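Visitor: Sharing a structure here in structure tokens format.
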Amino acid sequence: MATFSRKVKDAMDLKIASGKATADERDAVDSLLGPAPETSQGAERDAVGLRVSHGGESLRELRHLLLPVLHAVNDRVGFISRGAINYISQRLDVAPAEIYGVTTFYALFDTNERPARQVHVCVDLACRAMAGCTENNLPEGSVASPCLGTCERAPAVLVIETGVSPRFEVLAPATRNDIVELVAGKSAGTEQPVNAGAPQTPDSSLVLLTRVGIADPLSIDDYIKHNGFTALRRAFEIGPEKVINEVTASGLVGRGGAAFPTGRKWAAVASQPVKTRYLICNADESEPGTFKDRVMLEGDPFALVESMTIAAFATGCQHGYIYLRGEYPRAMRHLENALSIARKKNYLGDNILNSGFNFEITMFKGAGAYICGEETAIFNSIEGFRGEPRNKPPFPVEVGLFGKPTVVNNVETLLNVLPIIQSTGEKYASWGSTGSKGKKLFCVSGAVKTPGVYEVTFGATLRQLIELAGGLKTGSSIQAILLGGAAGGFVGPEDLDLELTIEAARAAGTTLGSGVIMVLDQTVDMVDQLQRIAAFFRDESCGQCVPCRVGTVRQQEALARLVKSSGTASASVDLQLLRDLGQVMRDASICGLGQTAHNAIDSALTRLKVFSA
Amino acid sequence: MSTQVTSGLQVRKSVELTIDGKKITTPEGSTLLDACRASGKDIPTLCYGDTITPKNACRVCMVELEGSRTLVPSCSRKVEPGMVVNTDNDRTRLSRKLVLELLGSSVDLSLTKNVARWNESYGAEPLRFGSPSFHHNDRDEAITGHHHAPDGKTAETVHQPVKIDNSLYIRDYSKCILCYQCVDACGEQWQNTFAITTAGRGFDARISTEFAVDLTDSACVYCGNCIQVCPTGALMFTTEYEMREAGTWHEEEQTQTETICPYCGVGCALTLHVQDNTIVKVSSPSDHSVTHGNLCIKGRFGFQHVQNNKID
């Protein structure tokens, strides 16, 4: 009787709905979690027919495995069924409703059965501008995707074929006919070499791109031969405090878009009384038009391992995460390879290079949610919750991942640490302008001859960047240039002498954001671009706060009206409405997504006068 | 900072800040909303409930904090010494007006308290986004990251049919503002049942059971604590729903009687809402030390025996 009542009590915790996992689904889950250790953990019901629970506190600590487990099932069978959710529920002690809520948050997951082969066609800004598909004219069997971060080779397609050995392939550029063939099962073939996305390479005199196209991204020996791990060795020599001093002296600011001083962030975490701390590399690069992090991760993955180890050493973090967007298969392969080799060679793990410092890095794969690049949404996503941003304060440096002090840095920010530590912060600060120090990667796409990632010293002008990218395509003239992505703003052909520094962009009423320079020529339909931006923010809003959740829909509706009413008196009503929406989304949204969801549209209305009253 | 003795040995520090030009002293740890209300400001709130940690999702209580780039949610921002706060200027008024318009244009707020008054005081015109669209799109089937492009002729709403799948309460998500209170009450903040969640994303975000199954197939234990915290009438006793449908719900004629639940020894406080000598719904005072507004299925719904006629 005692046993009976215990089970009844446990069973109260978790009510499992109908639906049983298939053998494939169970195997996919078990491949990550190991076999269910006892019958009560997700096995059959007991003889009395009770829904048995499984476990208690130890299982509840596994919630952060929810997204990886969902990926495992999705990669195996292509969708997340009721049975799969039930089984995961039992294995992780998370209620089925909660798992459903998390699953339906991410665009790469689906709770409806779908074919093993999914062809995701980018319909975002750069690809549309390069005659790619739109939501309305997709070849049958393919699905629309937001920016796939392959803008230099637009238009782009990502193929996911689920199964025991799931396959992820990128084809770019992809014609309409290519897409039809991909849907029919044709392979995407071999991708272009990793340095194709960085046309300045190979050139060892470059600072950030120095190894791209020169060192084999899969070989640690090649990395070491080309100056690899020299910064880490120097960091161990000079100690954490001096590392932070150098980074502070360098004037390095965050490259993800917000431009927060990196040294200040590190110092804030280093001074926390709580000793368990986390480092997150934000590689959820999803800003439309941005692909610099992808090129760096594919071309020089060991550099991220080294720079993260330095950051962790400086700030006292024991564990790091790389949060990589799910649409970057090659970057994932190269990073996983780098991590596994670095572990074997003691560049990660315990007592790294006999320094006494222990550090481990976990790969974490996103599942199709732009919002997860927001620094607090990333915490919820890793912890196994819906990727909704948290309220600030408290700030991540005090209360971050798992409630602990956390450093969140973008890929490019971290990579800049290597040249700083290899020489000095002072040397680094000698590059650039008064307000913007060092080297910057720009993602040049659209109507230029050689689109790609370009490294320059802060201070180059927009014109110089376009010239670096081979100049305009023959026959092209500039209609508009999108700076900083969908959360950035448009400038016109008259702004070509704009100095690309944080301060000059701000003074000109625009932003560098994540370094997007998307050149749109006379063939591009600007109204269509604006509507796509509005659709993007509507799709990607997490839905938590009213200004963003409803505001992004009302913004899209107002644009749809303006398409017809532009030039008439009734347009002024909608233009005013958009201004009101813009101000309140900026003022009252919880996070940067809602706060910037009107920026590009605002710039198109005020600078480019796309609509008139 | 000065200190004051509040209760017993506990010493609570006070914080001085400025609200609308007036210096205010308030206990440390209170929120800007507490401070504003204590000094007589009428700050509207929708998603704020006194028994749940604020999710600050509705953004109607935003105030201006000097030095902050954006407005801040007064319901969850804690007071700090020296803060200078403005609760009523053009910026905060536009923000509240827009938020009221955005919600009013997409959600049925007909049963949400104070909304009519706030709409008037902030000049909110929810209809300026176009006439609401009531076509039944099945929101439970929404595909994340995809939507049908609007034509701008109507304003999209969260309209959908009322969910009636059990005899105790109904769910009318056309009235849901996504305040998250029901999810938090069902989940870790009170009940720990986790029968409901927020599903989907963006405008398609919705409160749902797993795979939108009926409550009878879900983990719901019918405690009704979600009904207790729902600020918009989206969750409602079936008795109330049916009476409203029949036009016989007359709240002004109802009396409220406090009593103690007769079922077990916990001693939960019940508030019986009575109309025409019949119990029509049961709530519990949110400030009651035993319940904090929470009950179980027996206290919440087990009242019919009181009014069954005895066998003659």
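By order of appearance in the structure tokens: chains A, B, ..., then residues from 1 within every chain, and ligands from 1 in the order shown.
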DSSP says alpha helix (DSSP H) for which residues of segment 184-258 of chain B? Put them as a ChimeraX atom specification?
Guide: /B:184-186,225-229,238-246
Visitor: Could you work out which residues of chain A fall inside 8 Å of chain B? Count only C-alpha atoms, and format the result as an MDAnalysis selection string.
Guide: chainID A and resid 13:17 82 95:102 104:107 110 393 535 538:547 549:551 553:554 556:561 580:581 584 586:590
Visitor: Of the candidates B:Asp184, B:Glu125, B:Asp108, B:Glu66, which shows the shortest atom-to-atom distance to Leu577 of chain A, using only C-alpha atoms?
Guide: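 Counting only C-alpha atoms, the residue closest to Leu577 of chain A is B:Glu125.
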Visitor: If we count only C-alpha atoms, what is near Pro231 of chain B at a cut-off of 12 Å, once residues fewer than 6 positions away on the same chain are taken out, given as a list in words?
Guide: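 The neighbour list is Thr45, Leu46, Cys47, Tyr48, Gly49, Asp50, Cys58, Leu109, Ser110, Leu111, Thr112, Lys113, Asn114, Val115, Lys175, Cys176, Ile177, Leu178, Cys179, Tyr180, Gln181 and Cys182 of chain B.
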Visitor: Those same residues, written as a short mmCIF file (atom, residue, chain, number, x, y, z; two decimals), in the first residue's frame with C-alpha atoms?
Guide:
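out_7.cif, written as the output of this step:
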```cif
data_model
loop_
_atom_site.label_atom_id
_atom_site.label_comp_id
_atom_site.auth_asym_id
_atom_site.auth_seq_id
_atom_site.Cartn_x
_atom_site.Cartn_y
_atom_site.Cartn_z
CA THR B 45 -2.71 48.39 -15.14
CA LEU B 46 -4.04 45.36 -17.04
CA CYS B 47 -1.67 42.42 -16.70
CA TYR B 48 -0.78 43.30 -13.12
CA GLY B 49 -2.35 41.10 -10.46
CA ASP B 50 -1.73 41.30 -6.76
CA CYS B 58 0.81 44.75 -21.25
CA LEU B 109 -12.20 44.18 -23.65
CA SER B 110 -15.92 44.50 -22.96
CA LEU B 111 -15.58 42.82 -19.56
CA THR B 112 -12.26 44.39 -18.57
CA LYS B 113 -12.67 46.78 -15.68
CA ASN B 114 -11.83 50.48 -16.14
CA VAL B 115 -11.01 50.24 -19.84
CA LYS B 175 -10.96 38.30 -24.59
CA CYS B 176 -7.39 37.26 -23.78
CA ILE B 177 -4.74 39.99 -23.48
CA LEU B 178 -1.96 37.42 -22.80
CA CYS B 179 -1.20 38.70 -19.32
CA TYR B 180 0.27 35.25 -18.48
CA GLN B 181 -1.44 35.27 -15.08
CA CYS B 182 -3.44 32.09 -15.72
#
```
Visitor: Smallest atom-to-atom distance to Met308 of chain A: which of A:Ala331, A:Ile382, A:Leu575, A:Leu415, using only C-alpha atoms?
Guide: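 Checking each of A:Ala331, A:Ile382, A:Leu575, A:Leu415 against Met308 of chain A, counting only C-alpha atoms, the winner is A:Leu415.
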Visitor: As a list in words, please: the residues near segment 239-248 of chain B (cut-off 9 Å, only C-alpha atoms, same-chain neighbours under 6 positions excluded).
Guide: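 Non-adjacent residues within range: Ser167, Leu168, Tyr169, Ile170, Val280 and Lys281 of chain B.
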Visitor: Determine, counting only C-alpha atoms, which protein, DNA and RNA residues have an atom within 10 Å of an atom of segment 30-32 of chain A; residues of the same chain fewer than 6 positions away are not included. Present the result as a PDB file with N, CA and C atoms, in the first residue's frame.
Guide:
```pdb
ATOM      1  N   ASP A  24      11.409   5.121 -33.224  1.00  0.00           N
ATOM      2  CA  ASP A  24      12.359   6.117 -33.726  1.00  0.00           C
ATOM      3  C   ASP A  24      12.461   7.308 -32.792  1.00  0.00           C
ATOM      4  N   LEU A  65      18.126  20.530 -21.280  1.00  0.00           N
ATOM      5  CA  LEU A  65      18.291  19.594 -22.397  1.00  0.00           C
ATOM      6  C   LEU A  65      17.064  19.568 -23.301  1.00  0.00           C
ATOM      7  N   PRO A  68      17.868  20.676 -27.049  1.00  0.00           N
ATOM      8  CA  PRO A  68      18.644  19.618 -27.726  1.00  0.00           C
ATOM      9  C   PRO A  68      17.823  18.345 -27.982  1.00  0.00           C
ATOM     10  N   VAL A  69      16.949  17.967 -27.049  1.00  0.00           N
ATOM     11  CA  VAL A  69      16.149  16.756 -27.253  1.00  0.00           C
ATOM     12  C   VAL A  69      15.128  16.983 -28.368  1.00  0.00           C
ATOM     13  N   ALA A  72      16.868  16.599 -31.517  1.00  0.00           N
ATOM     14  CA  ALA A  72      17.165  15.194 -31.820  1.00  0.00           C
ATOM     15  C   ALA A  72      15.952  14.526 -32.472  1.00  0.00           C
ATOM     16  N   VAL A  73      14.761  14.777 -31.912  1.00  0.00           N
ATOM     17  CA  VAL A  73      13.554  14.167 -32.478  1.00  0.00           C
ATOM     18  C   VAL A  73      13.252  14.766 -33.842  1.00  0.00           C
ATOM     19  N   ILE A  88       9.294  12.774 -24.013  1.00  0.00           N
ATOM     20  CA  ILE A  88      10.231  13.790 -23.497  1.00  0.00           C
ATOM     21  C   ILE A  88       9.758  14.279 -22.132  1.00  0.00           C
ATOM     22  N   ARG A  91      10.774  11.823 -19.595  1.00  0.00           N
ATOM     23  CA  ARG A  91      12.220  11.744 -19.385  1.00  0.00           C
ATOM     24  C   ARG A  91      12.787  12.964 -18.672  1.00  0.00           C
TER      25      ARG A  91
END
```
Visitor: Using only C-alpha atoms, can you tell me which of A:Val247, A:Ala377, A:Leu62, A:Leu482 comes closest to Ile533 of chain A?
Guide: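 Among the listed residues, A:Leu482 lies closest to Ile533 of chain A.
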Visitor: So which residues touch Asp124 of chain A within 6 Å, counting only C-alpha atoms, skipping near sequence neighbours fewer than 3 positions away, as a ChimeraX atom specification?
Guide: /A:127-128,146-147
Visitor: For Gly299 of chain B, find every residue with an atom within 10 Å (counting only C-alpha atoms), except residues of its own chain fewer than 6 positions away, and show them as a list in words.
Guide: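 The neighbour list is Cys223, Gly224, Ile260, Cys261, Pro262, Tyr263, Cys264, Cys268, Ala269, Leu270, Thr271, Val282, Ser283 and Ser284 of chain B.
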Visitor: Restricting the output to N, CA and C atoms, write the selected residues as a compact mmCIF listing (two decimals), in the first residue's frame.
Guide:
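The resulting file, out_12.txt, is reproduced below:
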```txt
# COMPACT_ATOMS: atom_id res chain seq x y z
N CYS B 223 -9.09 23.68 -10.43
CA CYS B 223 -9.03 24.48 -9.21
C CYS B 223 -9.62 25.86 -9.45
N GLY B 224 -9.63 26.26 -10.74
CA GLY B 224 -10.20 27.56 -11.07
C GLY B 224 -9.35 28.74 -10.64
N ILE B 260 -16.27 30.12 5.17
CA ILE B 260 -15.13 29.23 5.18
C ILE B 260 -15.54 27.95 4.46
N CYS B 261 -14.67 27.44 3.63
CA CYS B 261 -14.98 26.23 2.87
C CYS B 261 -15.24 25.07 3.83
N PRO B 262 -16.35 24.34 3.64
CA PRO B 262 -16.72 23.28 4.56
C PRO B 262 -16.02 21.94 4.30
N TYR B 263 -15.24 21.80 3.23
CA TYR B 263 -14.82 20.46 2.82
C TYR B 263 -13.71 19.84 3.68
N CYS B 264 -12.65 20.59 3.94
CA CYS B 264 -11.56 19.98 4.70
C CYS B 264 -11.11 20.93 5.79
N CYS B 268 -10.06 27.43 4.01
CA CYS B 268 -10.00 28.42 2.93
C CYS B 268 -11.17 29.38 3.00
N ALA B 269 -10.87 30.65 2.74
CA ALA B 269 -11.94 31.65 2.72
C ALA B 269 -12.62 31.63 1.37
N LEU B 270 -13.94 31.60 1.41
CA LEU B 270 -14.72 31.63 0.18
C LEU B 270 -15.52 32.92 0.12
N THR B 271 -15.64 33.47 -1.08
CA THR B 271 -16.59 34.56 -1.29
C THR B 271 -17.67 34.01 -2.23
N VAL B 282 -17.89 31.43 -7.23
CA VAL B 282 -17.16 31.44 -5.98
C VAL B 282 -15.75 31.99 -6.24
N SER B 283 -15.36 32.93 -5.41
CA SER B 283 -13.98 33.40 -5.48
C SER B 283 -13.39 33.34 -4.08
N SER B 284 -12.16 33.80 -3.95
CA SER B 284 -11.55 33.84 -2.63
C SER B 284 -10.75 35.13 -2.55
```
Visitor: Restricting the calculation to only C-alpha atoms: of A:Arg532, A:Leu441, A:Ala486, A:Thr103, which residue gets closest to Gly387 of chain A?
Guide: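 Answer, going by the shortest atom-to-atom distance: A:Thr103.
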Visitor: If I take atom CA of Lys22 of chain B and atom CA of Val84 of chain B, how far is one from the other in Å, to one decimal?
Guide: 9.3 Å
Visitor: Please identify which residues in segment 224-382 of chain A DSSP calls strand (DSSP E or B) from the backbone, and express them as a PyMOL selection string.
Guide: chain A and resi 253+261+278-283+319-324+349+359-365
Visitor: Could you please take those selected residues and save C-alpha atoms as a CSV table (one decimal), in the first residue's frame?
Guide:
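Below you can see result_9.csv, which holds the result:
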```csv
chain,number,residue,atom,x,y,z
A,253,VAL,CA,32.7,47.8,-28.0
A,261,PRO,CA,32.0,48.6,-24.0
A,278,TYR,CA,28.7,31.7,-17.5
A,279,LEU,CA,30.0,32.9,-20.8
A,280,ILE,CA,27.8,32.9,-23.8
A,281,CYS,CA,29.0,33.5,-27.3
A,282,ASN,CA,26.0,34.9,-29.2
A,283,ALA,CA,26.2,33.3,-32.6
A,319,HIS,CA,31.4,27.2,-18.5
A,320,GLY,CA,30.7,28.6,-21.9
A,321,TYR,CA,28.0,28.2,-24.5
A,322,ILE,CA,28.1,28.9,-28.1
A,323,TYR,CA,24.5,29.7,-29.1
A,324,LEU,CA,24.6,29.1,-32.9
A,349,GLY,CA,38.9,21.1,-20.1
A,359,PHE,CA,36.9,25.7,-18.8
A,360,GLU,CA,34.4,23.8,-21.0
A,361,ILE,CA,32.3,24.9,-23.9
A,362,THR,CA,28.9,23.5,-24.9
A,363,MET,CA,27.5,23.9,-28.4
A,364,PHE,CA,23.9,25.0,-28.4
A,365,LYS,CA,21.8,25.0,-31.5
```
